Amino acid sequence: MIDLQDISYSYQNIPALSHITYRFEMGKCYCLQGPNGCGKSTLFRILNGLRFPSSGKFLFDGKDITEKTMKKSDFAKAFHRQVGFVFQHSEIQLFCKTVEDEIAFGLHQLDLSDTEVHDRVEHYITLLHLQDIRLRAPFNLSGGEQKRCALAAVLAMEPPVLILDEPISGLDEEGQEWVTSFIKELKSPDRMIIIATHQSSFAQEVADIQLRMTKEHRLIIK
Amino acid sequence: MHIPDNYLSPQTCAVMAAVMVPVWTISIKKVKAEIPNVKLPMLGVGAAFSFLGMMFNIPIPGGTTGHAVGGTMIASLLGPYAACIAVSVALLIQALIFGDGGILSFGANCFNMAFVLPFVGYAVTMLLRKKLKGKNAELIASAIGSYIGINAAAFCAAIEFGIQPMLFRDAAGNALYCPYGLNVSIPAMMLGHLTLFGIAEVVYTTAVLAFIRKAAPEMQEKTAVSKTPLPVKLLLGVLIILTPLGLLAEGTAWGEWGADEIAATGAGFTPAGMTSGLNFQALLPDYSVAGMPSWLGYILSAVIGAALLIIVFKLISMIGNSKKENATA
Amino acid sequence: MKMNLELMRLIRRITITDINYPAQDKSRILPALRLSVAFLTILLCALSRNAIYVVMIIAAELAWLCVKPPAVIWNILKPVLLSSLFCMFVMLPAVFMGHPRTLMTVSLKVFESVLILSQLGSSISWKKMTDAFRTLHAPQLFVFTLDMTMRFLVILGRYSNAILEAVTLRRVGADHWKNAGTGGILGTTFLRAQQMSIETSEAMSCRCFDGEYRSYRKHKIGTPDMLYTLLIPLLVILFVYTQKAM
């Protein structure tokens, strides 16, 4: 599904990724660990189509994801529809004025009917326990609430690939436990989950395959 | 009883204003100490009642008109110091926005209607409350108190008018300001107030107090109630709608003539102080708007005046609250 | 630091409005309708050649205002008084030129216009207000910019406050704004704002943003809206009548 072929990336001559080759399969949950500055976030941005490798190939479902191909809006939209990304800092990706609007935002872009939008929004509000805060502004919510809101907003689009950047960072113990059990429930043969985390215990609990990025910006299997 | 500008000499006005300064200061201190902040908006309601009462002009034979003031009524509910502040603010709004009562003579008007009236009325009321017995003793006491209060105020106004020709004359010997001496001013003012206007004050005071006693008794408590009860709001609304009745009384009140009217009243000349004195252009002069039927202008003026008074006192209560918050923080 | 205090007060107001939404938002009328009526009233008052219409509207507004709690009254009146006083100051030369009524007329109209808008802003939550513009077919970009402004105001306000606190804790010496490194704080906040805007646009493209910016909740038109619509012909008739009276 996701094929990285000898990917390298450097930013203003500073290397961030070095010759990474890996194939991510559907139905698996991957946990990526590594020290600060090893390139986890950069790799995730490439997987999301927000950055493009300096060398090598990134193939998604056999299609080459490059700056040129992503310039076509239909292609980019189709790609983003397949990949859902929850940022480390949820505040960044929550930009609507109510939680409901946030969840409905992506669905409106997908040209779904009003009934379908309504059904999905209600479903994910219930699933992520957002009923009490559905009319609140996301930027005024607590860390845990923002995380749930971001998850709902991304999951509502039902992407087959889910990428989570440090999903339990900044959460209290209860919040961490909730996210952990929720991710376990999300695992299914039709879904691929890729998680970046610092916490080994969390990785051990949820991951099917544990990966590691080294200080030399290389990807190895743990 | 509103004394317009140029009827009293600037010296008289200055003296009256100077007398009022300590009165206001003490009243403000007392109000701050005795009335909780949440109850301050009640002063606004009281001021609104006073304002509306002053819009109902009553004619008497002879062609002049007068009105109730309601100062004793407020004093009975909230105390004389609160009444002083409430009536002062009502008079201020009347002077600035409606041109009813002068700017320079503001001190004198406050002395009469915001100091003498409520304090004398209150003193008499309290005295009688101790002496009288019976179910309606309080109402009767307030009624008599208000009658004596308004007449005391009228007497003070009469004296202020009457001494002008004695003290302030031009080179020719003509009065510069009010041309009528004590021998005219006292009978003129007292006749109306001992009769119809005094009765009007009694009726207004008794009616409002009785209404409050029946429909909103919680307002009589010193501490409770911060929100105006609905019956009181309705009464204010009814009074506002009825204000055009005050227009039926044609003729100007004694001592409230314009510079163009005064020669015809019997003086035979227009005092120099009036032709060349302060000429303040109010926003809604005489409670009217140019081009609008007078009844509509009257109602709108009543709405604006009452609303402004309530707003002013609500804002004052807020200042008090924030000061207390800062003090305890 | 006073500037920061003012900013924090504003953010607190936005946060409190958000927490109390929609309970505090008692108006059941379609916000776009209220906005239209407000604009119409302001326009008619501006066009009025006499004071009758303006005084009528002011009387109605003051009657509405006097029943509100003191804090709400003050929040509404603050901008009104400021703008009216400023207008009177600007129009002062009219008095010396022999047209004192002009000062009064213009100041009254300014008073009335700002009062209507201030009252509208206090009774409709900012969330519904932007929806009102959307209903009135304002460009989606305009509505989006309004929403983003509120969001960045709060987020960047908190961010700059955090930096200011850090600077205050590290400071040695007198409590003076020159020592606060205000330039640095503003500069850092600006850079953060730039960074955040890029990140927001990336987040939006991750969710397939192609220009659609709609609201989820739709207002159901009911009897209160129908009755409120009657205000429009009423105001126009009143305006025509009062103009003829002159």
# chains A, B, ... in the order shown; residues from 1 in each chain; ligands from 1

call {"tool": "residues_around", "arguments": {"residues": "C:Pro224", "least_positions_apart": "6", "cutoff": "9 Å", "atoms": "only C-alpha atoms", "output": "list in words"}}
result
Arg28, Ile29 and Leu30 of chain C

call {"tool": "interface_residues", "arguments": {"of": "chain C", "to": "chain B", "cutoff": "7 Å", "atoms": "only C-alpha atoms", "output": "PDB file with C-alpha atoms, in the first residue's frame"}}
result
ATOM      1  CA  ILE C  52     -37.775  62.339  14.484  1.00  0.00           C
ATOM      2  CA  MET C  56     -37.651  57.128  17.914  1.00  0.00           C
ATOM      3  CA  ALA C  59     -35.840  55.661  22.511  1.00  0.00           C
ATOM      4  CA  LEU C  62     -32.572  52.702  25.303  1.00  0.00           C
ATOM      5  CA  ALA C  63     -35.775  51.048  26.505  1.00  0.00           C
ATOM      6  CA  CYS C  66     -32.220  49.592  30.453  1.00  0.00           C
ATOM      7  CA  PRO C  70     -25.245  46.476  34.470  1.00  0.00           C
ATOM      8  CA  ALA C  71     -22.187  44.676  33.075  1.00  0.00           C
ATOM      9  CA  TRP C  74     -21.476  48.876  30.161  1.00  0.00           C
ATOM     10  CA  ALA C 245     -43.801  65.154   8.508  1.00  0.00           C
ATOM     11  CA  MET C 246     -41.011  67.625   7.851  1.00  0.00           C
TER      12      MET C 246
END

call {"tool": "interface_residues", "arguments": {"of": "chain A", "to": "chain C", "cutoff": "6 Å", "atoms": "only C-alpha atoms", "output": "list in words"}}
result
Lys77, His80, Ile92, Gln93, Asp101, Gly106, Gln109 and Arg136 of chain A

call {"tool": "write_last_selection", "arguments": {"atoms": "N, CA and C atoms", "output": "PDB file, in the first residue's frame"}}
result
ATOM      1  N   LYS A  77      -6.737  15.608  -3.734  1.00  0.00           N
ATOM      2  CA  LYS A  77      -7.927  15.362  -2.913  1.00  0.00           C
ATOM      3  C   LYS A  77      -8.143  13.866  -2.719  1.00  0.00           C
ATOM      4  N   HIS A  80      -5.530  12.627  -0.202  1.00  0.00           N
ATOM      5  CA  HIS A  80      -5.792  13.027   1.187  1.00  0.00           C
ATOM      6  C   HIS A  80      -7.014  12.340   1.755  1.00  0.00           C
ATOM      7  N   ILE A  92      -3.393  22.841  16.210  1.00  0.00           N
ATOM      8  CA  ILE A  92      -3.059  23.306  14.862  1.00  0.00           C
ATOM      9  C   ILE A  92      -4.132  22.890  13.869  1.00  0.00           C
ATOM     10  N   GLN A  93      -4.626  21.637  14.032  1.00  0.00           N
ATOM     11  CA  GLN A  93      -5.488  21.129  12.990  1.00  0.00           C
ATOM     12  C   GLN A  93      -6.971  21.348  13.283  1.00  0.00           C
ATOM     13  N   ASP A 101     -18.791  21.558  13.554  1.00  0.00           N
ATOM     14  CA  ASP A 101     -18.302  22.084  12.272  1.00  0.00           C
ATOM     15  C   ASP A 101     -16.975  21.439  11.908  1.00  0.00           C
ATOM     16  N   GLY A 106     -14.435  18.159   6.834  1.00  0.00           N
ATOM     17  CA  GLY A 106     -13.897  17.246   5.813  1.00  0.00           C
ATOM     18  C   GLY A 106     -15.002  16.617   4.980  1.00  0.00           C
ATOM     19  N   GLN A 109     -16.195  18.644   2.202  1.00  0.00           N
ATOM     20  CA  GLN A 109     -15.285  18.666   1.055  1.00  0.00           C
ATOM     21  C   GLN A 109     -15.476  17.432   0.183  1.00  0.00           C
ATOM     22  N   ARG A 136     -18.807  23.757  21.473  1.00  0.00           N
ATOM     23  CA  ARG A 136     -17.698  24.582  21.965  1.00  0.00           C
ATOM     24  C   ARG A 136     -16.717  24.828  20.831  1.00  0.00           C
TER      25      ARG A 136
END

call {"tool": "select_by_dssp", "arguments": {"residues": "stretch 174-259 of chain B", "states": "helix (DSSP H, G or I)", "output": "ChimeraX atom specification"}}
result
/B:182-194,196-215,217-220,230-242,245-248

call {"tool": "select_by_dssp", "arguments": {"residues": "stretch 48-172 of chain A", "states": "strand (DSSP E)", "output": "PyMOL selection string"}}
result
chain A and resi 55-60+63-64+83-86+161-165

call {"tool": "write_last_selection", "arguments": {"atoms": "C-alpha atoms", "output": "PDB file, in the first residue's frame"}}
result
ATOM      1  CA  SER A  55      15.524  11.633  -3.754  1.00  0.00           C
ATOM      2  CA  GLY A  56      13.866   8.259  -4.009  1.00  0.00           C
ATOM      3  CA  LYS A  57      10.228   7.351  -4.604  1.00  0.00           C
ATOM      4  CA  PHE A  58       7.109   7.430  -2.493  1.00  0.00           C
ATOM      5  CA  LEU A  59       4.435   5.185  -3.973  1.00  0.00           C
ATOM      6  CA  PHE A  60       0.905   5.120  -2.592  1.00  0.00           C
ATOM      7  CA  LYS A  63       0.906   5.872  -7.694  1.00  0.00           C
ATOM      8  CA  ASP A  64       3.918   8.137  -7.550  1.00  0.00           C
ATOM      9  CA  VAL A  83      -4.735   9.245   4.437  1.00  0.00           C
ATOM     10  CA  GLY A  84      -5.882  10.715   7.716  1.00  0.00           C
ATOM     11  CA  PHE A  85      -3.319  12.548   9.832  1.00  0.00           C
ATOM     12  CA  VAL A  86      -3.705  13.542  13.463  1.00  0.00           C
ATOM     13  CA  VAL A 161      -4.649   4.879   6.376  1.00  0.00           C
ATOM     14  CA  LEU A 162      -4.453   6.601   9.749  1.00  0.00           C
ATOM     15  CA  ILE A 163      -1.273   8.380  10.813  1.00  0.00           C
ATOM     16  CA  LEU A 164      -1.009   9.560  14.424  1.00  0.00           C
ATOM     17  CA  ASP A 165       1.855  11.769  15.556  1.00  0.00           C
TER      18      ASP A 165
END

call {"tool": "atom_distance", "arguments": {"atom1": "atom CA of A:Arg212", "atom2": "atom CA of A:Pro35"}}
result
9.1 Å

call {"tool": "closest_residue", "arguments": {"among": "C:Val55, C:Leu156, C:Phe133, C:Thr229", "to": "C:Gln194", "atoms": "only C-alpha atoms"}}
result
C:Leu156

call {"tool": "residues_around", "arguments": {"residues": "stretch 128-142 of chain B", "least_positions_apart": "2", "cutoff": "9 Å", "atoms": "only C-alpha atoms", "output": "list in words"}}
result
Thr72, Met73, Ser76, Gly121, Tyr122, Ala123, Val124, Thr125, Met126, Ile144, Gly145, Ser146, Tyr147, Val202, Thr205, Thr206, Leu209 and Ala210 of chain B
